[in-house]
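Shown next: query_38.cif, given as mmCIF, C-alpha atoms.
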```
data_run
#
loop_
_atom_site.label_atom_id
_atom_site.label_comp_id
_atom_site.auth_asym_id
_atom_site.auth_seq_id
_atom_site.Cartn_x
_atom_site.Cartn_y
_atom_site.Cartn_z
CA GLY D 1 118.97 88.92 82.68
CA ASN D 2 119.58 85.25 81.98
CA LEU D 3 117.42 82.71 80.15
CA PHE D 4 115.70 80.94 83.05
CA LYS D 5 112.18 79.90 82.04
CA SER D 6 111.54 78.24 85.39
CA ILE D 7 112.79 78.62 88.95
CA PRO D 8 116.24 76.98 89.19
CA LYS D 9 115.96 73.74 91.17
CA ALA D 10 119.46 74.29 92.57
CA LEU D 11 118.10 77.07 94.79
CA LYS D 12 117.04 74.35 97.22
CA TYR D 13 120.70 74.11 98.23
CA ALA D 14 121.00 77.86 98.86
CA ARG D 15 119.60 77.61 102.35
CA ASN D 16 121.57 80.58 103.74
CA VAL D 17 120.86 82.99 100.90
CA ARG D 18 119.04 86.14 102.02
CA GLU D 19 118.40 87.82 98.67
CA VAL D 20 117.56 86.52 95.18
CA VAL D 21 117.25 88.68 92.06
CA LEU D 22 115.68 87.03 89.01
CA ASP D 23 114.79 90.15 87.04
CA GLU D 24 114.54 90.04 83.24
CA ASN D 25 114.35 86.26 82.90
CA PRO D 26 111.71 84.68 80.61
CA ILE D 27 110.08 82.92 83.55
CA GLU D 28 106.67 81.47 82.79
CA ASP D 29 103.71 81.29 85.15
CA LEU D 30 104.64 80.40 88.72
CA SER D 31 102.70 77.55 90.33
CA GLU D 32 103.20 74.52 92.58
CA LYS D 33 104.95 72.84 89.63
CA ASN D 34 107.20 75.84 89.09
CA ALA D 35 107.58 77.14 92.64
CA PHE D 36 110.41 78.37 94.79
CA PRO D 37 111.93 75.55 96.84
CA PRO D 38 112.12 75.95 100.63
CA MET D 39 114.57 78.79 101.31
CA PRO D 40 114.32 79.29 105.07
CA ASN D 41 116.47 82.44 105.27
CA LEU D 42 115.38 84.29 102.14
CA GLU D 43 114.29 87.82 103.04
CA ARG D 44 114.31 89.75 99.75
CA LEU D 45 113.11 88.63 96.31
CA ASN D 46 113.08 90.52 93.02
CA LEU D 47 110.96 89.41 90.05
CA THR D 48 110.69 92.47 87.81
CA PHE D 49 110.57 93.24 84.07
CA ILE D 50 109.49 89.70 83.16
CA GLY D 51 107.33 90.03 80.06
CA SER D 52 106.40 86.34 79.92
CA LEU D 53 104.98 86.20 83.46
CA ARG D 54 101.18 86.17 83.41
CA ALA D 55 100.05 84.46 86.62
CA ILE D 56 101.17 83.65 90.16
CA ARG D 57 99.32 80.53 91.21
CA LYS D 58 98.75 78.55 94.40
CA GLY D 59 101.87 77.58 96.32
CA ALA D 60 104.35 79.53 94.17
CA PHE D 61 105.98 81.19 97.19
CA ALA D 62 105.01 78.72 99.93
CA GLY D 63 108.65 77.84 100.64
CA LEU D 64 109.64 81.41 101.55
CA GLU D 65 108.60 81.62 105.17
CA LYS D 66 110.79 84.60 106.10
CA LEU D 67 110.19 86.74 103.03
CA ASN D 68 110.30 90.36 104.13
CA GLU D 69 110.51 92.32 100.88
CA LEU D 70 108.98 91.38 97.52
CA ARG D 71 109.49 93.32 94.30
CA LEU D 72 107.00 91.85 91.85
CA SER D 73 106.64 94.84 89.56
CA HIS D 74 106.90 96.02 85.93
CA ASN D 75 105.62 92.67 84.68
CA HIS D 76 103.25 94.08 82.09
CA HIS D 77 101.34 90.84 81.43
CA LEU D 78 100.96 89.76 85.06
CA SER D 79 97.20 89.83 85.60
CA TYR D 80 96.53 87.24 88.32
CA ILE D 81 97.84 86.47 91.82
CA ASP D 82 96.24 83.52 93.58
CA PRO D 83 95.37 84.34 97.21
CA SER D 84 97.11 81.09 98.25
CA ALA D 85 100.37 81.89 96.48
CA PHE D 86 102.18 82.81 99.71
CA THR D 87 100.51 80.66 102.36
CA PHE D 88 102.14 77.71 104.06
CA THR D 89 101.08 75.46 106.92
CA GLU D 90 102.38 75.28 110.44
CA LYS D 91 104.84 72.42 110.86
CA ASP D 92 102.99 70.83 113.78
CA ASN D 93 99.47 71.50 112.55
CA SER D 94 98.64 71.41 108.85
CA ASP D 95 95.25 72.98 109.54
CA ILE D 96 96.84 76.32 110.50
CA LEU D 97 97.75 78.62 107.63
CA LEU D 98 100.62 81.09 107.91
CA TRP D 99 101.94 83.96 105.76
CA PRO D 100 105.45 85.38 105.35
CA PRO D 101 106.19 88.60 107.31
CA ILE D 102 106.13 90.92 104.30
CA LYS D 103 107.02 94.51 105.21
CA LYS D 104 107.72 95.97 101.77
CA LEU D 105 105.48 94.96 98.87
CA TYR D 106 105.91 96.19 95.30
CA LEU D 107 103.09 95.18 92.93
CA ASN D 108 103.18 98.30 90.80
CA ASN D 109 103.21 98.55 87.00
CA ASN D 110 101.67 95.15 86.36
CA ASN D 111 98.40 94.25 84.64
CA LEU D 112 96.44 93.50 87.80
CA THR D 113 92.71 94.25 87.79
CA THR D 114 91.92 92.80 91.22
CA LEU D 115 93.64 91.52 94.36
CA GLU D 116 92.12 89.51 97.20
CA GLU D 117 92.54 90.77 100.75
CA ARG D 118 93.57 87.34 102.04
CA THR D 119 96.62 87.26 99.75
CA PHE D 120 98.41 88.66 102.82
CA ILE D 121 97.17 88.62 106.37
CA LYS D 122 98.71 91.68 108.07
CA TRP D 123 98.44 94.59 105.70
CA GLU D 124 98.50 97.01 108.62
CA ASP D 125 102.04 95.89 109.55
CA MET D 126 103.51 96.74 106.13
CA GLU D 127 105.94 99.62 105.88
CA GLU D 128 105.53 100.11 102.11
CA VAL D 129 102.76 99.04 99.75
CA HIS D 130 103.08 99.87 96.05
CA ILE D 131 100.06 98.97 93.90
CA HIS D 132 100.01 101.99 91.58
CA ASP D 133 99.87 101.87 87.79
CA ASN D 134 97.66 98.80 87.48
CA PRO D 135 94.36 98.76 85.51
CA TRP D 136 92.17 98.17 88.57
CA LEU D 137 88.58 97.01 88.12
CA CYS D 138 86.77 99.09 90.72
CA ASP D 139 83.85 96.95 91.82
CA CYS D 140 82.81 95.40 95.12
CA ASP D 141 85.68 92.88 95.01
CA LEU D 142 88.07 95.82 95.34
CA GLN D 143 86.11 97.56 98.10
CA TRP D 144 88.58 96.39 100.75
CA ILE D 145 91.38 98.32 99.02
CA VAL D 146 89.32 101.52 99.11
CA SER D 147 88.22 101.02 102.72
CA THR D 148 91.24 99.34 104.31
CA LEU D 149 94.36 99.53 102.18
CA MET D 150 94.25 103.10 100.87
CA PRO D 151 94.58 104.62 104.36
CA ILE D 152 97.63 102.40 104.90
CA ILE D 153 99.14 103.47 101.57
CA GLU D 154 98.45 107.12 102.38
CA LYS D 155 100.38 106.67 105.62
CA THR D 156 103.32 104.68 104.19
CA THR D 157 103.82 105.94 100.61
CA PRO D 158 101.71 109.09 100.20
CA HIS D 159 103.71 110.36 97.21
CA LEU D 160 102.36 107.53 95.03
CA ILE D 161 98.77 107.44 96.16
CA ASN D 162 97.36 109.46 93.24
CA ASN D 163 98.61 106.85 90.77
CA VAL D 164 96.33 104.14 92.16
CA ARG D 165 93.47 104.53 89.69
CA CYS D 166 90.48 102.69 88.29
CA ALA D 167 90.54 101.53 84.69
CA ARG D 168 87.01 100.10 84.71
CA PRO D 169 84.02 100.33 84.84
CA ASP D 170 83.38 103.46 82.80
CA ALA D 171 81.69 105.16 85.75
CA HIS D 172 84.97 105.14 87.70
CA ALA D 173 87.50 105.23 84.85
CA GLU D 174 90.57 107.31 85.77
CA LYS D 175 89.28 108.00 89.28
CA SER D 176 91.87 107.58 92.00
CA LEU D 177 91.11 105.08 94.72
CA GLU D 178 92.16 107.77 97.19
CA GLU D 179 89.23 109.89 95.99
CA LEU D 180 86.84 106.96 96.44
CA SER D 181 88.32 106.34 99.89
CA LYS D 182 87.86 109.94 100.98
CA GLU D 183 84.26 109.82 99.79
CA ASP D 184 83.74 106.55 101.68
CA HIS D 185 82.38 105.29 98.37
CA LYS D 186 80.66 101.89 98.26
CA MET D 187 81.32 100.21 94.94
CA GLY D 188 78.71 98.01 93.35
CA CYS D 189 79.16 94.48 92.08
CA LEU D 190 79.36 93.98 88.35
CA ASN D 191 77.15 91.29 86.84
CA LYS D 192 80.05 89.19 85.62
CA ALA D 193 77.83 86.19 84.91
CA HIS D 194 75.69 88.40 82.69
CA THR D 195 78.81 89.63 80.88
CA GLU D 196 80.05 86.07 80.34
CA ARG D 197 76.63 85.05 79.02
CA ASP D 198 76.63 87.95 76.57
CA SER D 199 80.11 86.97 75.39
CA ALA D 200 78.97 83.40 74.81
CA LEU D 201 75.97 84.61 72.81
CA LEU D 202 78.22 86.78 70.64
CA VAL D 203 80.54 83.83 69.96
CA ALA D 204 77.56 81.62 69.04
CA LEU D 205 76.22 84.33 66.75
CA PHE D 206 79.59 84.68 65.03
CA ILE D 207 79.85 80.90 64.50
CA GLY D 208 76.33 80.88 63.09
CA LEU D 209 77.21 83.62 60.62
CA VAL D 210 80.36 81.80 59.50
CA LEU D 211 78.39 78.59 58.93
CA ALA D 212 75.64 80.47 57.11
CA MET D 213 77.97 82.26 54.68
CA PRO D 214 78.49 79.26 52.31
CA LEU D 215 74.73 78.65 52.26
#
```
Encoding of this model in structure tokens:
Amino acid sequence: GNLFKSIPKALKYARNVREVVLDENPIEDLSEKNAFPPMPNLERLNLTFIGSLRAIRKGAFAGLEKLNELRLSHNHHLSYIDPSAFTFTEKDNSDILLWPPIKKLYLNNNNLTTLEERTFIKWEDMEEVHIHDNPWLCDCDLQWIVSTLMPIIEKTTPHLINNVRCARPDAHAEKSLEELSKEDHKMGCLNKAHTERDSALLVALFIGLVLAMPL
């Protein structure tokens, strides 16, 4: 509840801190330029109710090698998490990628439409996974959640499973991902390139109309 717009640089000196709560700060997008410094003993991190947060980019959490619990929820404009946001390299071999040992993950009540499987490496080891109340785009990119993650959520947090629902496309709107999982449903891939091309044509048409109006 302060006025931090970026991650405080002084945290680099807090090497023995185990928990950090930065809720309700006007923090802007997290990236390598606005990342957490190395905090070798940090286990719990709260970043909730941050209305200005829209994206978590590459390297934002790379310095948190022992992170065990992450509450990244109720950020109603957060729509993107880069799959490399949490990865870091082994000290003796920069070619080997590692992930923090997350056990409790709260990504609920954001504006996420998709999430890549490689954002974390050991989903099956998590004790709690909260991804409910996001406007999920249920296409082939989200198939892994239906096939792999929903059974884990049903096992760990079954009371919230019905709130994991599709927002788009229209064919799946308001369907729960649990229902799709039970049906062993295979979701198709949306023609995103076609959609982008249509959007570009609409913009060009609009510009043409604006230019034609004086004539």
Exercise for the section: Give as number ranges by chain the residues that the PyMOL selection byres ((chain D and resi 59) around 10) matches when applied to the coordinates above. Expected result: D: 30-36, 56-58, 60-63, 82-88
File of the preceding selection, C-alpha atoms, as a short mmCIF file (atom, residue, chain, number, x, y, z; two decimals), in the frame of the given file:
```
data_model
loop_
_atom_site.label_atom_id
_atom_site.label_comp_id
_atom_site.auth_asym_id
_atom_site.auth_seq_id
_atom_site.Cartn_x
_atom_site.Cartn_y
_atom_site.Cartn_z
CA LEU D 30 104.64 80.40 88.72
CA SER D 31 102.70 77.55 90.33
CA GLU D 32 103.20 74.52 92.58
CA LYS D 33 104.95 72.84 89.63
CA ASN D 34 107.20 75.84 89.09
CA ALA D 35 107.58 77.14 92.64
CA PHE D 36 110.41 78.37 94.79
CA ILE D 56 101.17 83.65 90.16
CA ARG D 57 99.32 80.53 91.21
CA LYS D 58 98.75 78.55 94.40
CA ALA D 60 104.35 79.53 94.17
CA PHE D 61 105.98 81.19 97.19
CA ALA D 62 105.01 78.72 99.93
CA GLY D 63 108.65 77.84 100.64
CA ASP D 82 96.24 83.52 93.58
CA PRO D 83 95.37 84.34 97.21
CA SER D 84 97.11 81.09 98.25
CA ALA D 85 100.37 81.89 96.48
CA PHE D 86 102.18 82.81 99.71
CA THR D 87 100.51 80.66 102.36
CA PHE D 88 102.14 77.71 104.06
#
```
Practice task
One decimal, Å: what's the distance from atom CA of D:Lys5 over to atom CA of D:Arg54, could you say?
Solution key: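 Taking atom CA of D:Lys5 and atom CA of D:Arg54, their separation equals 12.7 Å.
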Exercise for the section: Please provide as a ChimeraX atom specification all residues within 10 Å of D:Arg18, with the sequence filter that same-chain residues fewer than 6 positions apart are discarded (counting all atoms listed in the file). Expected result: /D:39-45,66-68
With C-alpha atoms retained, write the just-selected residues as a PDB file, keeping the file's coordinate frame.
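selection-v9.pdb was written with the following content:
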```pdb
ATOM      1  CA  MET D  39     114.570  78.790 101.310  1.00  0.00           C
ATOM      2  CA  PRO D  40     114.320  79.290 105.070  1.00  0.00           C
ATOM      3  CA  ASN D  41     116.470  82.440 105.270  1.00  0.00           C
ATOM      4  CA  LEU D  42     115.380  84.290 102.140  1.00  0.00           C
ATOM      5  CA  GLU D  43     114.290  87.820 103.040  1.00  0.00           C
ATOM      6  CA  ARG D  44     114.310  89.750  99.750  1.00  0.00           C
ATOM      7  CA  LEU D  45     113.110  88.630  96.310  1.00  0.00           C
ATOM      8  CA  LYS D  66     110.790  84.600 106.100  1.00  0.00           C
ATOM      9  CA  LEU D  67     110.190  86.740 103.030  1.00  0.00           C
ATOM     10  CA  ASN D  68     110.300  90.360 104.130  1.00  0.00           C
TER      11      ASN D  68
END
```
Practice task
Quote the spacing between atom CA of D:Glu127 and atom CA of D:Leu70 in Å to one decimal place.
Solution key: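 Separation between atom CA of D:Glu127 and atom CA of D:Leu70: 12.1 Å.
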Problem - Nearest candidate to D:Glu28 (options D:Lys182, D:Arg168, D:His132, D:His77; using all atoms listed in the file) - result: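 Using all atoms listed in the file, D:Glu28 sits closest to D:His77.
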Problem - For D:Trp144: contacts at 12 Å, only C-alpha atoms, fewer than 3 positions along chain excluded, given as JSON, numbers by chain - result: {"D": [114, 115, 116, 117, 118, 123, 138, 139, 140, 141, 147, 148, 149, 150, 151, 152, 177, 180, 181, 184, 185, 186, 187]}
Save the residues we just selected, C-alpha atoms, as a short mmCIF file (atom, residue, chain, number, x, y, z; two decimals), in the frame of the given file?
```cif
data_model
loop_
_atom_site.label_atom_id
_atom_site.label_comp_id
_atom_site.auth_asym_id
_atom_site.auth_seq_id
_atom_site.Cartn_x
_atom_site.Cartn_y
_atom_site.Cartn_z
CA THR D 114 91.92 92.80 91.22
CA LEU D 115 93.64 91.52 94.36
CA GLU D 116 92.12 89.51 97.20
CA GLU D 117 92.54 90.77 100.75
CA ARG D 118 93.57 87.34 102.04
CA TRP D 123 98.44 94.59 105.70
CA CYS D 138 86.77 99.09 90.72
CA ASP D 139 83.85 96.95 91.82
CA CYS D 140 82.81 95.40 95.12
CA ASP D 141 85.68 92.88 95.01
CA SER D 147 88.22 101.02 102.72
CA THR D 148 91.24 99.34 104.31
CA LEU D 149 94.36 99.53 102.18
CA MET D 150 94.25 103.10 100.87
CA PRO D 151 94.58 104.62 104.36
CA ILE D 152 97.63 102.40 104.90
CA LEU D 177 91.11 105.08 94.72
CA LEU D 180 86.84 106.96 96.44
CA SER D 181 88.32 106.34 99.89
CA ASP D 184 83.74 106.55 101.68
CA HIS D 185 82.38 105.29 98.37
CA LYS D 186 80.66 101.89 98.26
CA MET D 187 81.32 100.21 94.94
#
```
Completion exercise
atom CA of D:Trp136 to atom CA of D:Arg165 measures 6.6 Å
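Residue nearest D:Met126, chosen from D:Glu69, D:Leu142, D:Lys175, D:His159 and counting all atoms listed in the file: D:Glu69.
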Which residues would end up in the selection if the PyMOL selection byres ((chain D and resi 25) around 7) were applied here, given that I need the answer as a CSV table (one decimal) with C-alpha atoms, keeping the file's coordinate frame?
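What follows is the written file part36.csv:
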```csv
chain,number,residue,atom,x,y,z
D,1,GLY,CA,119.0,88.9,82.7
D,2,ASN,CA,119.6,85.2,82.0
D,3,LEU,CA,117.4,82.7,80.2
D,4,PHE,CA,115.7,80.9,83.0
D,5,LYS,CA,112.2,79.9,82.0
D,22,LEU,CA,115.7,87.0,89.0
D,23,ASP,CA,114.8,90.2,87.0
D,24,GLU,CA,114.5,90.0,83.2
D,26,PRO,CA,111.7,84.7,80.6
D,27,ILE,CA,110.1,82.9,83.6
D,50,ILE,CA,109.5,89.7,83.2
```
Practice task
Considering all atoms listed in the file, return as a PyMOL selection string whatever protein or nucleic-acid residues lie within 12 Å of D:Asn108, sequence-local ones (same chain, fewer than 3 positions apart) excluded.
Solution key: chain D and resi 47-49+70-76+78-79+105+111-113+128-136+160-161+163-165
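Residue nearest D:Tyr106, chosen from D:Ile145, D:Asn46, D:Thr89, D:Glu154 and counting only C-alpha atoms: D:Asn46.
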Problem - Residues matched by the PyMOL selection byres ((chain D and resi 11) around 10) as an NGL selection string - result: :D and (7-10 or 12-15 or 17 or 20 or 36-39)
